[in-house]
Amino acid sequence: MMNQTSPTVAGEPAVSVSPATQVHSLLVEDAPPRAGRAFAAMAFCLLLCAWPLYVALGTRDTIHTMENISLMSSQETWLRQWGWHDIPAEKDAWLVPSQNARPRYNKPPLVVWVNMLMWSDLTPAGSTVEQLTFRSRLASATMGMVMLAGVFWIGLSLGNLRTAMLSTLVAGSIWFFQRQARNASYDVYLVAWATMAIAAALWAMRPWKASPSLVRTLGGWALAGVFLGLSILSKGALAIVITVIPLILMMAILRDRWKSAALGLAILILAAAAVAAPWYIHIEQTFPRSTQTLASEYGARRAEFQTPFYYLALVALVWPWSVYLIASLFHPFKLARGARGKQVFIAWAWFLFIFIFFSIPGAKEQRYILPILPAAALMAVQVWQDHQKLEETGGHDPGMIALVWPHWLGMIAVAAMIGPFLAMQQWMVDHQWADQQPIGQLSLWAGLPISAALLAIALMGLRRHLQCRIASAMNLSVAWALIFSSTILYAYTCAPHGIHPIKADCQRVAAILGDAPLRYLQASPDEVWPNEEFAFFSRRIAFSIKPDQLDDYKHKATADHPVYIMADITPQHDHPMLAAGFAIATTFYQDRDRLQNLWRFPAPEAAASNLPASH
């Protein structure tokens, strides 16, 4: 139990004040910082969090499925905009992104638009897939910084400058966040703009402070609506759920000013509609069946379903803050008194809703739970801050011992092992302990100093925590987390397994094709499309063609300008190709385990080797 304390002021009698009241007075009623100081503090936090997000962004090939799809769709739309090989230029191609020459309106276009903007000074002929990947990841990492700015803003509204800074640093040092923000995909855009929408709405509501002005109320909610509209354009209607419902929960917890908040919520919806609705109206008018397609986007189409407890793995994903996230789940019930209880409960309710909402569907992925991270960071920081303030004001929480030792001993153990482990990975491969480097090797001369530095920071942090120098211990935890994640991300990014196994085959096929047109044979209605990785690495747009269309397609060919078709290696595909007079130019992997023939007409005098490139 937390002890009652009686702080005294010289010349005045002692007044009994509960620890919860003391904590609230120290965390909420501080004078708000000047704008310049707040922006400087935010810039400092973002600068510290930047290194893990931006280090070696373009070194590794695109591996993850959704990054492959977003990059492939962006490149194809960009190639259509320019005109590419036998595809004429479309000035308005940007309006509707495509995939394998089919409109891709099941995902909104903002990610594609941003990628195309990042490539605006490039041309298809004068660029490489490595350049496109790097610039798209640069945009994605910057969206991660936008999310952190939103976390800072929320921390400032719900607490003080220290709350804002610590919440930003905790969120920015979470390994799961860093890994997702470095992928050029949809999720970080969704979460970044949704976080900014919640931050702007809280700024408009101004909890626990003097009533906001009319201009601030209207402007803040309108700005929140713009951010929500951008979030909708990033990944669809899911943005409304992860933004509006948490705001309604916050309004219910705060209770006061609910009339202005309800008006603000209406402004938010109208502003979001003004931003996002024009594109959806255009899609509905252009593609009459688009509504059914968009609705099916949230249906579970995967064969494997996870249990409702799948996202309990979040405890590990937020490491090294796992212990404090667990403690934060019980935190509101220990300090749920007065305004401080409301303050703590806001992040708790936000976290719980996101967790339950994403746990209900059967199909789950780790990246789906990314919207929970801002709330998780706030919750972990609130535990640290309450612990610090209680110690400073004479209170004591015996339960904190159960948190201090696991937190620091885990960091000490990892620090002692990480350097030697990274340095020994190639040795493990050479001695057949592993098929490939699990993470990526650092030299012994780099791994050991990093390990020693992390160990020194962890030991110093434990000592200061036991000395009740809580703020210093928290800062050392952040430093440890940022150094650790930067090291792992650098090693992983530069590892040999960062080279995609089919990239060489895709580029070899592209070299054979030159300016010639390419199609893929659709022998049955349920034919699988060309893999997104093949389309991205080969930089080709392949339309489908049916067996009865082969003769018409052949008429485009001349002796000096052949045409090509890619097809699976089955009798169903081989027979019509041979009957039409096509010959195999080469065989290649268009997916990790999908071998295909590249057919050519007219047949070359000497066909290229039928063997696929080595992997």
# chains A, B, ... in the order shown; residues from 1 in each chain; ligands from 1
>>> residues_around(residues="segment 468-479 of chain A", least_positions_apart="3", cutoff="8 Å", atoms="only C-alpha atoms", output="PyMOL selection string")
chain A and resi 169-170+173+384+387-388+391+457-458+460-462+464-465+482-483
>>> residues_around(residues="Gly229 of chain A", least_positions_apart="5", cutoff="8 Å", atoms="only C-alpha atoms", output="list in words")
Ala271, Ala272, Ala273, Ala274, Val275 and Ala276 of chain A
>>> write_last_selection(atoms="all heavy atoms", output="CSV table (one decimal), in the first residue's frame")
chain,number,residue,atom,x,y,z
A,271,ALA,N,-15.0,17.4,-41.2
A,271,ALA,CA,-13.7,17.7,-41.8
A,271,ALA,C,-13.0,16.5,-42.4
A,271,ALA,O,-12.4,16.6,-43.5
A,271,ALA,CB,-12.8,18.3,-40.7
A,272,ALA,N,-13.2,15.4,-41.7
A,272,ALA,CA,-12.6,14.1,-42.3
A,272,ALA,C,-13.3,13.7,-43.6
A,272,ALA,O,-12.6,13.3,-44.5
A,272,ALA,CB,-12.8,13.0,-41.2
A,273,ALA,N,-14.6,13.9,-43.6
A,273,ALA,CA,-15.4,13.6,-44.8
A,273,ALA,C,-14.9,14.5,-46.0
A,273,ALA,O,-14.8,14.1,-47.1
A,273,ALA,CB,-16.9,13.7,-44.6
A,274,ALA,N,-14.7,15.8,-45.7
A,274,ALA,CA,-14.3,16.7,-46.7
A,274,ALA,C,-12.9,16.3,-47.3
A,274,ALA,O,-12.7,16.5,-48.5
A,274,ALA,CB,-14.2,18.1,-46.1
A,275,VAL,N,-12.1,15.7,-46.5
A,275,VAL,CA,-10.7,15.3,-47.0
A,275,VAL,C,-10.8,14.0,-47.8
A,275,VAL,O,-10.2,13.8,-48.8
A,275,VAL,CB,-9.7,15.2,-45.8
A,275,VAL,CG1,-8.4,14.5,-46.3
A,275,VAL,CG2,-9.5,16.5,-45.2
A,276,ALA,N,-11.5,13.0,-47.2
A,276,ALA,CA,-11.5,11.6,-47.7
A,276,ALA,C,-12.6,11.3,-48.7
A,276,ALA,O,-12.4,10.5,-49.6
A,276,ALA,CB,-11.5,10.6,-46.6
>>> select_by_dssp(residues="segment 56-115 of chain A", states="strand (DSSP E)", output="PDB file with all heavy atoms, in the first residue's frame")
ATOM      1  N   SER A  98      -2.943   0.839 -59.203  1.00  0.00           N
ATOM      2  CA  SER A  98      -3.255  -0.451 -59.805  1.00  0.00           C
ATOM      3  C   SER A  98      -2.262  -1.510 -59.346  1.00  0.00           C
ATOM      4  O   SER A  98      -1.194  -1.196 -58.810  1.00  0.00           O
ATOM      5  CB  SER A  98      -3.243  -0.348 -61.333  1.00  0.00           C
ATOM      6  OG  SER A  98      -1.953   0.013 -61.803  1.00  0.00           O
ATOM      7  N   GLN A  99      -2.630  -2.756 -59.576  1.00  0.00           N
ATOM      8  CA  GLN A  99      -1.774  -3.900 -59.277  1.00  0.00           C
ATOM      9  C   GLN A  99      -2.008  -4.939 -60.360  1.00  0.00           C
ATOM     10  O   GLN A  99      -3.132  -5.371 -60.588  1.00  0.00           O
ATOM     11  CB  GLN A  99      -2.086  -4.498 -57.903  1.00  0.00           C
ATOM     12  CG  GLN A  99      -1.245  -5.716 -57.551  1.00  0.00           C
ATOM     13  CD  GLN A  99      -1.604  -6.295 -56.193  1.00  0.00           C
ATOM     14  OE1 GLN A  99      -2.452  -5.761 -55.474  1.00  0.00           O
ATOM     15  NE2 GLN A  99      -0.956  -7.382 -55.823  1.00  0.00           N
ATOM     16  N   ARG A 102      -4.684  -4.125 -62.840  1.00  0.00           N
ATOM     17  CA  ARG A 102      -6.056  -4.072 -62.341  1.00  0.00           C
ATOM     18  C   ARG A 102      -6.170  -2.933 -61.329  1.00  0.00           C
ATOM     19  O   ARG A 102      -5.256  -2.717 -60.530  1.00  0.00           O
ATOM     20  CB  ARG A 102      -6.445  -5.391 -61.658  1.00  0.00           C
ATOM     21  CG  ARG A 102      -6.516  -6.592 -62.593  1.00  0.00           C
ATOM     22  CD  ARG A 102      -6.757  -7.847 -61.771  1.00  0.00           C
ATOM     23  NE  ARG A 102      -7.039  -9.023 -62.592  1.00  0.00           N
ATOM     24  CZ  ARG A 102      -6.104  -9.808 -63.104  1.00  0.00           C
ATOM     25  NH1 ARG A 102      -4.823  -9.542 -62.870  1.00  0.00           N
ATOM     26  NH2 ARG A 102      -6.433 -10.846 -63.836  1.00  0.00           N
ATOM     27  N   PRO A 103      -7.266  -2.194 -61.329  1.00  0.00           N
ATOM     28  CA  PRO A 103      -7.432  -1.116 -60.343  1.00  0.00           C
ATOM     29  C   PRO A 103      -7.329  -1.666 -58.913  1.00  0.00           C
ATOM     30  O   PRO A 103      -7.958  -2.681 -58.589  1.00  0.00           O
ATOM     31  CB  PRO A 103      -8.835  -0.577 -60.629  1.00  0.00           C
ATOM     32  CG  PRO A 103      -9.123  -0.999 -62.030  1.00  0.00           C
ATOM     33  CD  PRO A 103      -8.420  -2.298 -62.235  1.00  0.00           C
TER      34      PRO A 103
END
>>> atom_distance(atom1="atom CA of Gln507 of chain A", atom2="atom CA of Phe537 of chain A")
6.3 Å
>>> residues_around(residues="Ala349 of chain A", least_positions_apart="4", cutoff="10 Å", atoms="only C-alpha atoms", output="PyMOL selection string")
chain A and resi 246+249-250+253+329+332+344-345+353-355+375
>>> write_last_selection(atoms="N, CA and C atoms", output="tab-separated table (two decimals), in the first residue's frame")
chain	number	residue	atom	x	y	z
A	246	PRO	N	-11.87	5.85	-29.27
A	246	PRO	CA	-11.05	6.32	-28.16
A	246	PRO	C	-11.38	7.74	-27.71
A	249	LEU	N	-14.48	7.59	-25.59
A	249	LEU	CA	-14.12	7.08	-24.25
A	249	LEU	C	-13.48	8.17	-23.41
A	250	MET	N	-12.60	8.95	-24.01
A	250	MET	CA	-11.95	10.04	-23.28
A	250	MET	C	-12.97	11.08	-22.84
A	253	ILE	N	-14.80	9.81	-19.85
A	253	ILE	CA	-14.00	9.82	-18.63
A	253	ILE	C	-13.86	11.25	-18.09
A	329	LEU	N	-1.27	-1.93	-16.39
A	329	LEU	CA	-2.62	-2.49	-16.50
A	329	LEU	C	-3.36	-2.43	-15.17
A	332	PRO	N	-4.36	2.12	-12.80
A	332	PRO	CA	-5.50	2.97	-12.49
A	332	PRO	C	-6.24	2.56	-11.22
A	344	VAL	N	-4.84	8.88	-15.55
A	344	VAL	CA	-4.29	7.56	-15.78
A	344	VAL	C	-5.28	6.69	-16.56
A	345	PHE	N	-6.55	6.84	-16.26
A	345	PHE	CA	-7.57	5.97	-16.85
A	345	PHE	C	-7.78	6.25	-18.33
A	353	PHE	N	-9.43	-0.71	-25.26
A	353	PHE	CA	-10.31	-0.79	-26.43
A	353	PHE	C	-9.57	-1.32	-27.64
A	354	ILE	N	-8.38	-0.76	-27.94
A	354	ILE	CA	-7.63	-1.21	-29.11
A	354	ILE	C	-7.30	-2.69	-28.99
A	355	PHE	N	-6.89	-3.11	-27.80
A	355	PHE	CA	-6.52	-4.51	-27.59
A	355	PHE	C	-7.71	-5.45	-27.85
A	375	ALA	N	-0.85	4.60	-26.74
A	375	ALA	CA	-1.44	4.40	-25.42
A	375	ALA	C	-0.51	3.59	-24.53
>>> residues_around(residues="Ala171 of chain A", least_positions_apart="2", cutoff="10 Å", atoms="only C-alpha atoms", output="compact mmCIF listing (two decimals) with N, CA and C atoms, in the first residue's frame")
# COMPACT_ATOMS: atom_id res chain seq x y z
N CYS A 49 15.24 9.83 -31.36
CA CYS A 49 14.54 8.65 -31.89
C CYS A 49 14.80 8.43 -33.38
N MET A 147 4.03 10.19 -36.00
CA MET A 147 3.35 9.52 -34.90
C MET A 147 3.95 9.91 -33.56
N LEU A 148 5.28 9.98 -33.50
CA LEU A 148 5.94 10.37 -32.25
C LEU A 148 5.61 11.81 -31.87
N VAL A 151 2.35 11.61 -30.20
CA VAL A 151 2.49 11.12 -28.83
C VAL A 151 2.96 12.24 -27.91
N PHE A 152 3.91 13.04 -28.37
CA PHE A 152 4.38 14.18 -27.58
C PHE A 152 3.23 15.14 -27.28
N LEU A 166 8.99 11.92 -22.12
CA LEU A 166 9.21 10.51 -21.80
C LEU A 166 8.34 9.60 -22.67
N SER A 167 7.09 10.00 -22.89
CA SER A 167 6.20 9.18 -23.72
C SER A 167 6.73 9.07 -25.14
N THR A 168 7.24 10.16 -25.66
CA THR A 168 7.82 10.15 -27.01
C THR A 168 9.03 9.24 -27.07
N LEU A 169 9.90 9.34 -26.08
CA LEU A 169 11.13 8.53 -26.07
C LEU A 169 10.81 7.05 -25.87
N SER A 173 11.50 4.21 -28.77
CA SER A 173 12.52 3.19 -28.50
C SER A 173 11.93 1.78 -28.45
N ILE A 174 10.65 1.64 -28.74
CA ILE A 174 10.03 0.31 -28.78
C ILE A 174 10.44 -0.38 -30.09
N TRP A 175 11.00 -1.55 -29.96
CA TRP A 175 11.49 -2.29 -31.12
C TRP A 175 10.40 -2.54 -32.15
N PHE A 176 9.22 -2.88 -31.73
CA PHE A 176 8.11 -3.17 -32.63
C PHE A 176 7.76 -1.94 -33.48
N PHE A 177 7.72 -0.78 -32.86
CA PHE A 177 7.45 0.45 -33.60
C PHE A 177 8.52 0.72 -34.64
N GLN A 178 9.78 0.60 -34.25
CA GLN A 178 10.87 0.89 -35.17
C GLN A 178 10.83 -0.03 -36.39
N VAL A 318 6.82 -4.82 -26.92
CA VAL A 318 7.16 -3.49 -26.40
C VAL A 318 8.44 -3.50 -25.56
N TRP A 321 10.22 -2.22 -22.37
CA TRP A 321 9.28 -1.61 -21.44
C TRP A 321 8.19 -2.59 -21.01
N LEU A 373 0.29 1.38 -29.69
CA LEU A 373 1.57 1.81 -29.13
C LEU A 373 1.54 3.19 -28.45
N PRO A 374 0.86 4.21 -29.01
CA PRO A 374 0.82 5.48 -28.28
C PRO A 374 0.24 5.34 -26.88
N ALA A 375 -0.85 4.60 -26.74
CA ALA A 375 -1.44 4.40 -25.42
C ALA A 375 -0.51 3.59 -24.53
N ALA A 376 0.14 2.57 -25.09
CA ALA A 376 1.06 1.75 -24.29
C ALA A 376 2.22 2.58 -23.76
N ALA A 377 2.76 3.47 -24.58
CA ALA A 377 3.87 4.32 -24.14
C ALA A 377 3.42 5.24 -23.01
N LEU A 378 2.25 5.84 -23.14
CA LEU A 378 1.73 6.72 -22.09
C LEU A 378 1.54 5.96 -20.78
N ALA A 380 3.08 3.19 -19.69
CA ALA A 380 4.36 2.85 -19.08
C ALA A 380 4.99 4.06 -18.41
N VAL A 381 4.91 5.22 -19.05
CA VAL A 381 5.50 6.44 -18.49
C VAL A 381 4.76 6.86 -17.23
N VAL A 478 16.05 4.72 -21.46
CA VAL A 478 15.82 5.19 -22.83
C VAL A 478 17.10 5.10 -23.65
